Protein chains: 2
Amino acid sequence: MTPPKLADIAKRAEVSIAAVSIALNNRDTKRVSEAKRNEIRAIAEELNYIPNELAKALAQQKTRLLGLRVPFRDPILNHFIAQVLSGIQATLMRRGYSLLLYSPTDNPGRSTREQILERRFTDGLIFVNTGSCSTRDIAERIQLLKAAKIKFVMINSYTHRSSVNYVGVDNSAMGEAAVRYLVQRKHRRIAFLSGSGKLPTHLHLLQGLRRGVVAHGLDLPAEHIGCSENNEETTFRILDRWFASKRSAPTAIFCADDQLLKHLYDYVEARGKRLPEDVAVIGRGNAGFNSLLRPRPTAFHLPTFEMGELGAEMLIDLIEKPEQKHQRVLLPFKLHAGDTA
Amino acid sequence: MTPPKLADIAKRAEVSIAAVSIALNNRDTKRVSEAKRNEIRAIAEELNYIPNELAKALAQQKTRLLGLRVPFRDPILNHFIAQVLSGIQATLMRRGYSLLLYSPTDNPGRSTREQILERRFTDGLIFVNTGSCSTRDIAERIQLLKAAKIKFVMINSYTHRSSVNYVGVDNSAMGEAAVRYLVQRKHRRIAFLSGSGKLPTHLHLLQGLRRGVVAHGLDLPAEHIGCSENNEETTFRILDRWFASKRSAPTAIFCADDQLLKHLYDYVEARGKRLPEDVAVIGRGNAGFNSLLRPRPTAFHLPTFEMGELGAEMLIDLIEKPEQKHQRVLLPFKLHAGDTA
DNA sequence: ATGAAAGCGCTAACAC
DNA sequence: GTGTTAGCGCTTTCAT
């Protein structure tokens, strides 16, 4: 008993397959007389007909599927991605699309080119750039996508200025704002705790921090820029180094993401330090995550959900509207005062 | 310039389309001579050929796509789902599948039947049951799936005993273990803070708790069973009621999930109580989540990742192995001692 | 070893 | 209004 198809309905209704297709797909059409339409619908209902989306997609050359390529790394699906994903999903539900998830297979058998292969299933691709995507990787990927004429949008952290759809936050402005906030509170030795130095995000934040300190006649010495590679042990080592000398120790730390913030909290707890008495901290990340920590972090909340929502929206526009042009959107961010700075 | 297809390669190589298909899909085949094989592969490479998965799927009647139906509710994609999703993805990567995400559209236009419609894109479906799926909903859904002969697996919280693939934890045993642990620590008035009373999980936990208290000659009065509907305000009201009378207030609370645990922590903070001095707490949920809270919760860590991994594995077996039979697996759980009980 | 041809289930252009 | 026909791009017998 294979599932019923258009032909089955057509036979029962004694009409052509085309008539059935039309009757089923168009609410009010003049192509098929009302009587037949009703009969066809009744039969379809009775047979429990469900259209084969695959065949439909092949014929129409579109699937209403969007692909999301996410790095499933260490905390595998982290807060950040989960939030973005939720935003994407919200848009997709509104606009009648579904989401196909890929993860990069580190499997050497599959070349980069083949990783994009799966796009044959999708009308477009969404990339969420996180810790594991260097500026270089991203540039390469864009090359490939453009060559293959694949529609895509990038969410978070992208540096190049070519014509790609992009949505993120102005990390540079954020870095600057962080310094401003801290300087106002009399901090003069500010350190930057980051994941990897290769990330676009890192670069932008750093750029902003530099602009900020310079504007206030301070500096950001190289030894106060720490890249932990998202490794707790490394983070501890960096912090120990910073606090080794009472004289040069930072009085405030700007922490690039949630994962690091957690490590920082663990460090503080382990070393018996207090926030913000011993060192002030400004975080950057997810609101939900931050709400769990005590003392409550003073932090920039990233508009993750909105990034997903808007990114998906942009991609769908690009797909559906032939002459839609590329957009680059930087969403606003806000500093939420907590108890750590 | 439409993307190259088999026909393009066939023309260039002066062979039939069938030959190209065979040459490209089978590493070492005798169906096509080695010379031709190499030539075909070279041309494919040169043309940057990428197979159209859609056409392939239509012809083979299989997509290597699995559908995941997740309730995108309040904390939209919550910790729990995110973890399960990671586990699923781990298996899929290993076995060469991809994941299609649906969310239930509350859109009245789409009937329940149509929500399953999209299965025409997938070889099977995974359901993760959380707060929004009542026992009743689940039973209905199973009916539909069976009628449509759709392969599926259910992850977490399912009560019925029919032949469905299922992976979860033994919530009943967990409830009992919670009581045992608390009684050992001299607690005699134990309360149960839960989300919704309609959930299979709730029922199983309650069942275990009841068995536990009875075994120790205690009881679990109705007024010490609180269903907060995952609403912070309701949670506060429940807790206020419990603590209104010094005499009857619970000395320990078993908290059914992370979300609630967070509310409980907020309550304790708001009312100036201390954990575990004023009340002991045992949680149940995600390890990562728990690690953020202070004091560290004593809690059962759910094997979320493993549930996803195993669930996906079971589904794929069901799809690929014709005579695979149904399985119902309950994963082991462990109580991690923290500072709250 | 190789190719022709018949699908897979549906859509859409065209003819009547 | 309704049916016919030609795809969509690939796989898979079945002849040769």
# chains A, B, ... in the order shown; residues from 1 in each chain; ligands from 1
$ interface_residues --of "chain A" --to "chain D" --cutoff "12 Å" --atoms "only C-alpha atoms (C1' of nucleotides)" --output "number ranges by chain"
A: 10, 14-20, 22-23, 29-37, 54-62, 120
$ write_last_selection --atoms "C-alpha atoms" --output "compact mmCIF listing (two decimals), in the first residue's frame"
# COMPACT_ATOMS: atom_id res chain seq x y z
CA ALA A 10 -7.57 11.49 -10.85
CA GLU A 14 -12.33 10.54 -13.68
CA VAL A 15 -10.40 13.68 -14.47
CA SER A 16 -6.85 14.40 -15.53
CA ILE A 17 -3.97 14.58 -13.13
CA ALA A 18 -3.49 18.21 -13.99
CA ALA A 19 -7.03 18.99 -12.95
CA VAL A 20 -6.43 17.41 -9.59
CA ILE A 22 -4.90 22.57 -9.85
CA ALA A 23 -7.99 21.87 -7.83
CA THR A 29 -9.72 28.79 -9.42
CA LYS A 30 -11.70 28.99 -12.58
CA ARG A 31 -9.53 26.38 -14.13
CA VAL A 32 -11.63 23.64 -12.64
CA SER A 33 -15.35 23.81 -12.23
CA GLU A 34 -16.62 24.07 -8.73
CA ALA A 35 -18.38 20.75 -8.88
CA LYS A 36 -15.25 18.91 -9.89
CA ARG A 37 -13.18 20.85 -7.44
CA LEU A 54 9.87 15.99 -3.03
CA ALA A 55 8.22 15.69 -6.42
CA LYS A 56 6.73 19.11 -6.02
CA ALA A 57 10.09 20.60 -5.23
CA LEU A 58 11.73 18.91 -8.17
CA ALA A 59 9.12 20.20 -10.56
CA GLN A 60 9.14 23.70 -9.20
CA GLN A 61 12.83 23.91 -8.60
CA LYS A 62 12.31 25.14 -5.09
CA ARG A 120 20.61 21.15 -3.78
$ closest_atom_pairs --of "chain C" --to "chain B" --cutoff "9 Å" --atoms "only C-alpha atoms (C1' of nucleotides)" --output "Markdown table"
| residue | atom | partner | partner_atom | distance |
| --- | --- | --- | --- | --- |
| C:DA1 | C1' | B:Arg31 | CA | 6.0 |
| C:DT2 | C1' | B:Ala19 | CA | 7.3 |
| C:DG3 | C1' | B:Ser16 | CA | 6.0 |
| C:DA4 | C1' | B:Ser16 | CA | 8.9 |
| C:DG7 | C1' | B:Ala59 | CA | 8.2 |
| C:DC8 | C1' | B:Ala59 | CA | 4.6 |
| C:DG9 | C1' | B:Leu58 | CA | 8.2 |
$ interface_residues --of "chain B" --to "chain A" --cutoff "6 Å" --atoms "only C-alpha atoms" --output "list in words"
Asn52, Glu53, Leu54, Leu77, Ala82, Ser86, Leu99, Leu100, Leu101, Arg120 and Phe121 of chain B
$ atom_distance --atom1 "atom CA of B:Ile319" --atom2 "atom CA of B:Glu306"
19.8 Å
$ select_by_dssp --residues "stretch 180-287 of chain A" --states "alpha helix (DSSP H)" --output "VMD selection string"
chain A and resid 180 to 184 200 to 215 232 to 244 258 to 270 287
$ write_last_selection --atoms "N, CA and C atoms" --output "CSV table (one decimal), in the first residue's frame"
chain,number,residue,atom,x,y,z
A,180,ARG,N,34.3,53.3,27.5
A,180,ARG,CA,33.7,54.5,28.0
A,180,ARG,C,33.1,54.2,29.4
A,181,TYR,N,32.3,53.1,29.5
A,181,TYR,CA,31.6,52.8,30.7
A,181,TYR,C,32.6,52.6,31.8
A,182,LEU,N,33.7,51.9,31.5
A,182,LEU,CA,34.7,51.6,32.6
A,182,LEU,C,35.4,52.8,33.0
A,183,VAL,N,35.8,53.6,32.0
A,183,VAL,CA,36.6,54.8,32.4
A,183,VAL,C,35.8,55.7,33.3
A,184,GLN,N,34.5,55.8,32.9
A,184,GLN,CA,33.6,56.6,33.8
A,184,GLN,C,33.6,56.2,35.2
A,200,PRO,N,36.8,37.4,13.4
A,200,PRO,CA,36.4,38.7,13.0
A,200,PRO,C,35.9,39.5,14.3
A,201,THR,N,35.1,38.8,15.1
A,201,THR,CA,34.6,39.5,16.3
A,201,THR,C,35.7,40.0,17.1
A,202,HIS,N,36.7,39.2,17.4
A,202,HIS,CA,37.8,39.6,18.2
A,202,HIS,C,38.4,40.9,17.6
A,203,LEU,N,38.6,40.8,16.3
A,203,LEU,CA,39.3,42.0,15.7
A,203,LEU,C,38.5,43.3,15.8
A,204,HIS,N,37.2,43.1,15.7
A,204,HIS,CA,36.3,44.3,15.8
A,204,HIS,C,36.3,44.9,17.2
A,205,LEU,N,36.1,43.9,18.1
A,205,LEU,CA,36.1,44.4,19.5
A,205,LEU,C,37.4,45.1,19.9
A,206,LEU,N,38.5,44.5,19.5
A,206,LEU,CA,39.8,45.0,19.8
A,206,LEU,C,39.9,46.4,19.2
A,207,GLN,N,39.5,46.5,18.0
A,207,GLN,CA,39.6,47.8,17.3
A,207,GLN,C,38.8,48.9,18.1
A,208,GLY,N,37.6,48.5,18.6
A,208,GLY,CA,36.8,49.4,19.4
A,208,GLY,C,37.5,49.8,20.7
A,209,LEU,N,38.0,48.7,21.3
A,209,LEU,CA,38.6,48.9,22.6
A,209,LEU,C,39.8,49.9,22.5
A,210,ARG,N,40.6,49.7,21.4
A,210,ARG,CA,41.8,50.5,21.2
A,210,ARG,C,41.3,52.0,21.0
A,211,ARG,N,40.3,52.1,20.2
A,211,ARG,CA,39.8,53.5,19.9
A,211,ARG,C,39.4,54.1,21.2
A,212,GLY,N,38.8,53.3,22.0
A,212,GLY,CA,38.3,53.8,23.3
A,212,GLY,C,39.4,54.2,24.2
A,213,VAL,N,40.4,53.3,24.4
A,213,VAL,CA,41.4,53.7,25.4
A,213,VAL,C,42.2,54.9,24.9
A,214,VAL,N,42.5,55.0,23.6
A,214,VAL,CA,43.2,56.1,23.1
A,214,VAL,C,42.4,57.4,23.3
A,215,ALA,N,41.1,57.3,23.1
A,215,ALA,CA,40.3,58.5,23.3
A,215,ALA,C,40.4,59.0,24.7
A,232,GLU,N,39.5,26.4,29.5
A,232,GLU,CA,39.4,26.9,30.9
A,232,GLU,C,40.8,27.0,31.5
A,233,GLU,N,41.6,26.0,31.2
A,233,GLU,CA,43.0,26.1,31.8
A,233,GLU,C,43.7,27.3,31.3
A,234,THR,N,43.7,27.5,30.0
A,234,THR,CA,44.4,28.7,29.5
A,234,THR,C,43.8,30.0,30.1
A,235,THR,N,42.5,30.0,30.2
A,235,THR,CA,41.9,31.2,30.8
A,235,THR,C,42.5,31.4,32.2
A,236,PHE,N,42.6,30.4,33.0
A,236,PHE,CA,43.2,30.5,34.3
A,236,PHE,C,44.6,31.0,34.3
A,237,ARG,N,45.3,30.5,33.3
A,237,ARG,CA,46.7,30.9,33.2
A,237,ARG,C,46.8,32.4,32.9
A,238,ILE,N,46.0,32.8,32.0
A,238,ILE,CA,46.1,34.2,31.6
A,238,ILE,C,45.7,35.1,32.8
A,239,LEU,N,44.7,34.7,33.5
A,239,LEU,CA,44.3,35.5,34.6
A,239,LEU,C,45.3,35.5,35.7
A,240,ASP,N,45.9,34.4,35.9
A,240,ASP,CA,46.9,34.3,37.0
A,240,ASP,C,48.1,35.3,36.6
A,241,ARG,N,48.4,35.3,35.3
A,241,ARG,CA,49.5,36.2,34.9
A,241,ARG,C,49.1,37.6,35.1
A,242,TRP,N,47.9,38.0,34.7
A,242,TRP,CA,47.5,39.3,34.9
A,242,TRP,C,47.5,39.8,36.4
A,243,PHE,N,47.1,38.9,37.2
A,243,PHE,CA,47.0,39.3,38.6
A,243,PHE,C,48.3,39.0,39.4
A,244,ALA,N,49.3,38.6,38.8
A,244,ALA,CA,50.6,38.3,39.4
A,244,ALA,C,51.1,39.5,40.1
A,258,ASP,N,30.2,34.5,26.5
A,258,ASP,CA,29.6,33.8,27.7
A,258,ASP,C,30.5,32.7,28.3
A,259,GLN,N,31.0,31.9,27.4
A,259,GLN,CA,31.8,30.8,27.8
A,259,GLN,C,32.9,31.3,28.6
A,260,LEU,N,33.6,32.3,28.1
A,260,LEU,CA,34.7,32.9,28.9
A,260,LEU,C,34.3,33.5,30.2
A,261,LEU,N,33.1,34.1,30.2
A,261,LEU,CA,32.6,34.7,31.4
A,261,LEU,C,32.5,33.6,32.5
A,262,LYS,N,32.0,32.5,32.0
A,262,LYS,CA,31.8,31.4,33.0
A,262,LYS,C,33.2,31.0,33.5
A,263,HIS,N,34.1,30.9,32.7
A,263,HIS,CA,35.5,30.6,33.2
A,263,HIS,C,36.0,31.6,34.1
A,264,LEU,N,35.7,32.8,33.8
A,264,LEU,CA,36.2,33.9,34.6
A,264,LEU,C,35.5,33.8,36.0
A,265,TYR,N,34.2,33.5,36.0
A,265,TYR,CA,33.5,33.4,37.3
A,265,TYR,C,34.2,32.2,38.1
A,266,ASP,N,34.5,31.1,37.4
A,266,ASP,CA,35.1,30.0,38.1
A,266,ASP,C,36.4,30.4,38.6
A,267,TYR,N,37.1,31.1,37.9
A,267,TYR,CA,38.5,31.6,38.3
A,267,TYR,C,38.3,32.4,39.6
A,268,VAL,N,37.5,33.4,39.6
A,268,VAL,CA,37.2,34.2,40.7
A,268,VAL,C,36.9,33.4,42.0
A,269,GLU,N,36.0,32.5,41.7
A,269,GLU,CA,35.6,31.6,42.8
A,269,GLU,C,36.8,30.8,43.4
A,270,ALA,N,37.6,30.2,42.4
A,270,ALA,CA,38.7,29.4,42.8
A,270,ALA,C,39.8,30.2,43.5
A,287,ALA,N,21.3,36.9,27.2
A,287,ALA,CA,20.6,37.4,28.4
A,287,ALA,C,20.3,36.3,29.3
$ atom_distance --atom1 "atom CA of A:Leu315" --atom2 "atom CA of A:Met154"
9.4 Å
$ residues_around --residues "B:Met314" --least-positions-apart "4" --cutoff "8 Å" --atoms "only C-alpha atoms (C1' of nucleotides)" --output "list in words"
Val153, Asn165, Leu310, Leu318 and Gln327 of chain B
$ select_by_dssp --residues "stretch 170-280 of chain B" --states "strand (DSSP E)" --output "NGL selection string"
:B and (190-194 or 225-227 or 252-255 or 280)
$ atom_distance --atom1 "atom CA of A:Asp339" --atom2 "atom CA of A:Ala173"
22.5 Å
$ residues_around --residues "A:Arg12" --least-positions-apart "4" --cutoff "12 Å" --atoms "only C-alpha atoms (C1' of nucleotides)" --output "number ranges by chain"
A: 4-8, 16-17, 20, 36, 39-44, 46-47
$ decode --residues "chain D" --atoms "N, CA and C atoms (P, O5', C5', C4', C3', O3' and C1' of nucleotides)" --output "PDB file, in the first residue's frame"
ATOM      1  P    DG D   1     -14.902  28.634 -17.140  1.00  0.00           P
ATOM      2  O5'  DG D   1     -15.273  27.429 -16.182  1.00  0.00           O
ATOM      3  C5'  DG D   1     -14.274  26.502 -15.845  1.00  0.00           C
ATOM      4  C4'  DG D   1     -14.539  25.257 -16.676  1.00  0.00           C
ATOM      5  C3'  DG D   1     -13.809  24.029 -16.189  1.00  0.00           C
ATOM      6  O3'  DG D   1     -14.570  22.867 -16.485  1.00  0.00           O
ATOM      7  C1'  DG D   1     -13.010  24.615 -18.343  1.00  0.00           C
ATOM      8  P    DT D   2     -14.291  21.489 -15.770  1.00  0.00           P
ATOM      9  O5'  DT D   2     -13.164  20.821 -16.656  1.00  0.00           O
ATOM     10  C5'  DT D   2     -13.546  20.187 -17.881  1.00  0.00           C
ATOM     11  C4'  DT D   2     -12.327  19.734 -18.628  1.00  0.00           C
ATOM     12  C3'  DT D   2     -11.344  18.888 -17.822  1.00  0.00           C
ATOM     13  O3'  DT D   2     -11.485  17.543 -18.248  1.00  0.00           O
ATOM     14  C1'  DT D   2     -10.262  20.403 -19.309  1.00  0.00           C
ATOM     15  P    DG D   3     -10.594  16.412 -17.682  1.00  0.00           P
ATOM     16  O5'  DG D   3      -9.537  16.248 -18.868  1.00  0.00           O
ATOM     17  C5'  DG D   3     -10.007  16.029 -20.186  1.00  0.00           C
ATOM     18  C4'  DG D   3      -8.846  16.036 -21.158  1.00  0.00           C
ATOM     19  C3'  DG D   3      -7.733  15.036 -20.828  1.00  0.00           C
ATOM     20  O3'  DG D   3      -7.326  14.400 -22.029  1.00  0.00           O
ATOM     21  C1'  DG D   3      -6.821  17.223 -21.005  1.00  0.00           C
ATOM     22  P    DT D   4      -6.312  13.222 -22.025  1.00  0.00           P
ATOM     23  O5'  DT D   4      -5.121  13.796 -22.897  1.00  0.00           O
ATOM     24  C5'  DT D   4      -5.361  14.824 -23.866  1.00  0.00           C
ATOM     25  C4'  DT D   4      -4.015  15.325 -24.382  1.00  0.00           C
ATOM     26  C3'  DT D   4      -2.866  14.336 -24.235  1.00  0.00           C
ATOM     27  O3'  DT D   4      -2.114  14.340 -25.436  1.00  0.00           O
ATOM     28  C1'  DT D   4      -2.297  16.385 -23.174  1.00  0.00           C
ATOM     29  P    DT D   5      -0.846  13.434 -25.599  1.00  0.00           P
ATOM     30  O5'  DT D   5       0.298  14.408 -25.107  1.00  0.00           O
ATOM     31  C5'  DT D   5       0.381  15.727 -25.667  1.00  0.00           C
ATOM     32  C4'  DT D   5       1.619  16.435 -25.149  1.00  0.00           C
ATOM     33  C3'  DT D   5       2.821  15.511 -24.957  1.00  0.00           C
ATOM     34  O3'  DT D   5       3.967  16.159 -25.467  1.00  0.00           O
ATOM     35  C1'  DT D   5       2.397  16.693 -22.954  1.00  0.00           C
ATOM     36  P    DA D   6       5.257  15.360 -25.741  1.00  0.00           P
ATOM     37  O5'  DA D   6       6.342  16.376 -25.185  1.00  0.00           O
ATOM     38  C5'  DA D   6       6.092  17.789 -25.214  1.00  0.00           C
ATOM     39  C4'  DA D   6       6.760  18.436 -24.013  1.00  0.00           C
ATOM     40  C3'  DA D   6       8.133  17.856 -23.678  1.00  0.00           C
ATOM     41  O3'  DA D   6       8.993  18.935 -23.363  1.00  0.00           O
ATOM     42  C1'  DA D   6       6.788  17.790 -21.771  1.00  0.00           C
ATOM     43  P    DG D   7      10.518  18.725 -23.309  1.00  0.00           P
ATOM     44  O5'  DG D   7      10.650  17.493 -22.297  1.00  0.00           O
ATOM     45  C5'  DG D   7      11.579  17.530 -21.201  1.00  0.00           C
ATOM     46  C4'  DG D   7      11.234  18.642 -20.239  1.00  0.00           C
ATOM     47  C3'  DG D   7      12.089  18.573 -18.982  1.00  0.00           C
ATOM     48  O3'  DG D   7      12.600  19.843 -18.672  1.00  0.00           O
ATOM     49  C1'  DG D   7       9.768  18.346 -18.421  1.00  0.00           C
ATOM     50  P    DC D   8      14.061  20.021 -18.181  1.00  0.00           P
ATOM     51  O5'  DC D   8      14.044  20.113 -16.619  1.00  0.00           O
ATOM     52  C5'  DC D   8      13.173  20.872 -15.819  1.00  0.00           C
ATOM     53  C4'  DC D   8      13.268  20.341 -14.404  1.00  0.00           C
ATOM     54  C3'  DC D   8      14.481  19.421 -14.186  1.00  0.00           C
ATOM     55  O3'  DC D   8      15.523  20.164 -13.561  1.00  0.00           O
ATOM     56  C1'  DC D   8      12.435  18.484 -13.274  1.00  0.00           C
ATOM     57  P    DG D   9      16.999  20.219 -14.189  1.00  0.00           P
ATOM     58  O5'  DG D   9      17.689  18.905 -13.619  1.00  0.00           O
ATOM     59  C5'  DG D   9      17.928  18.773 -12.227  1.00  0.00           C
ATOM     60  C4'  DG D   9      18.204  17.328 -11.913  1.00  0.00           C
ATOM     61  C3'  DG D   9      19.362  16.720 -12.698  1.00  0.00           C
ATOM     62  O3'  DG D   9      20.260  16.192 -11.748  1.00  0.00           O
ATOM     63  C1'  DG D   9      17.461  15.325 -12.778  1.00  0.00           C
ATOM     64  P    DC D  10      21.494  15.330 -12.061  1.00  0.00           P
ATOM     65  O5'  DC D  10      20.974  13.886 -11.648  1.00  0.00           O
ATOM     66  C5'  DC D  10      20.642  13.653 -10.294  1.00  0.00           C
ATOM     67  C4'  DC D  10      19.830  12.396 -10.150  1.00  0.00           C
ATOM     68  C3'  DC D  10      20.594  11.113 -10.486  1.00  0.00           C
ATOM     69  O3'  DC D  10      20.892  10.430  -9.277  1.00  0.00           O
ATOM     70  C1'  DC D  10      18.370  11.123 -11.386  1.00  0.00           C
ATOM     71  P    DT D  11      21.772   9.116  -9.348  1.00  0.00           P
ATOM     72  O5'  DT D  11      20.661   7.986  -9.502  1.00  0.00           O
ATOM     73  C5'  DT D  11      19.728   7.808  -8.437  1.00  0.00           C
ATOM     74  C4'  DT D  11      18.802   6.669  -8.760  1.00  0.00           C
ATOM     75  C3'  DT D  11      19.470   5.308  -8.897  1.00  0.00           C
ATOM     76  O3'  DT D  11      18.617   4.382  -8.242  1.00  0.00           O
ATOM     77  C1'  DT D  11      18.210   5.753 -10.822  1.00  0.00           C
ATOM     78  P    DT D  12      19.160   2.953  -7.802  1.00  0.00           P
ATOM     79  O5'  DT D  12      18.340   1.963  -8.726  1.00  0.00           O
ATOM     80  C5'  DT D  12      17.027   2.338  -9.166  1.00  0.00           C
ATOM     81  C4'  DT D  12      16.594   1.427 -10.293  1.00  0.00           C
ATOM     82  C3'  DT D  12      17.414   0.156 -10.443  1.00  0.00           C
ATOM     83  O3'  DT D  12      16.534  -0.893 -10.796  1.00  0.00           O
ATOM     84  C1'  DT D  12      17.421   1.317 -12.463  1.00  0.00           C
ATOM     85  P    DT D  13      16.749  -2.398 -10.352  1.00  0.00           P
ATOM     86  O5'  DT D  13      17.535  -3.017 -11.584  1.00  0.00           O
ATOM     87  C5'  DT D  13      17.004  -4.115 -12.286  1.00  0.00           C
ATOM     88  C4'  DT D  13      15.735  -3.765 -13.046  1.00  0.00           C
ATOM     89  C3'  DT D  13      15.515  -4.718 -14.203  1.00  0.00           C
ATOM     90  O3'  DT D  13      14.155  -5.099 -14.311  1.00  0.00           O
ATOM     91  C1'  DT D  13      15.815  -2.486 -15.019  1.00  0.00           C
ATOM     92  P    DC D  14      13.797  -6.458 -15.078  1.00  0.00           P
ATOM     93  O5'  DC D  14      14.181  -6.122 -16.597  1.00  0.00           O
ATOM     94  C5'  DC D  14      13.491  -5.073 -17.281  1.00  0.00           C
ATOM     95  C4'  DC D  14      14.092  -4.898 -18.662  1.00  0.00           C
ATOM     96  C3'  DC D  14      14.576  -6.205 -19.294  1.00  0.00           C
ATOM     97  O3'  DC D  14      14.135  -6.248 -20.645  1.00  0.00           O
ATOM     98  C1'  DC D  14      16.295  -4.600 -19.350  1.00  0.00           C
ATOM     99  P    DA D  15      13.870  -7.736 -21.266  1.00  0.00           P
ATOM    100  O5'  DA D  15      14.258  -7.466 -22.781  1.00  0.00           O
ATOM    101  C5'  DA D  15      15.621  -7.395 -23.079  1.00  0.00           C
ATOM    102  C4'  DA D  15      15.895  -6.269 -24.048  1.00  0.00           C
ATOM    103  C3'  DA D  15      16.732  -6.763 -25.224  1.00  0.00           C
ATOM    104  O3'  DA D  15      16.445  -6.030 -26.400  1.00  0.00           O
ATOM    105  C1'  DA D  15      18.031  -5.335 -23.817  1.00  0.00           C
ATOM    106  P    DT D  16      16.980  -6.655 -27.775  1.00  0.00           P
ATOM    107  O5'  DT D  16      18.514  -6.233 -27.857  1.00  0.00           O
ATOM    108  C5'  DT D  16      18.846  -4.863 -28.027  1.00  0.00           C
ATOM    109  C4'  DT D  16      20.346  -4.694 -27.975  1.00  0.00           C
ATOM    110  C3'  DT D  16      21.110  -5.715 -28.817  1.00  0.00           C
ATOM    111  O3'  DT D  16      22.008  -5.036 -29.698  1.00  0.00           O
ATOM    112  C1'  DT D  16      22.057  -5.531 -26.665  1.00  0.00           C
TER     113       DT D  16
END
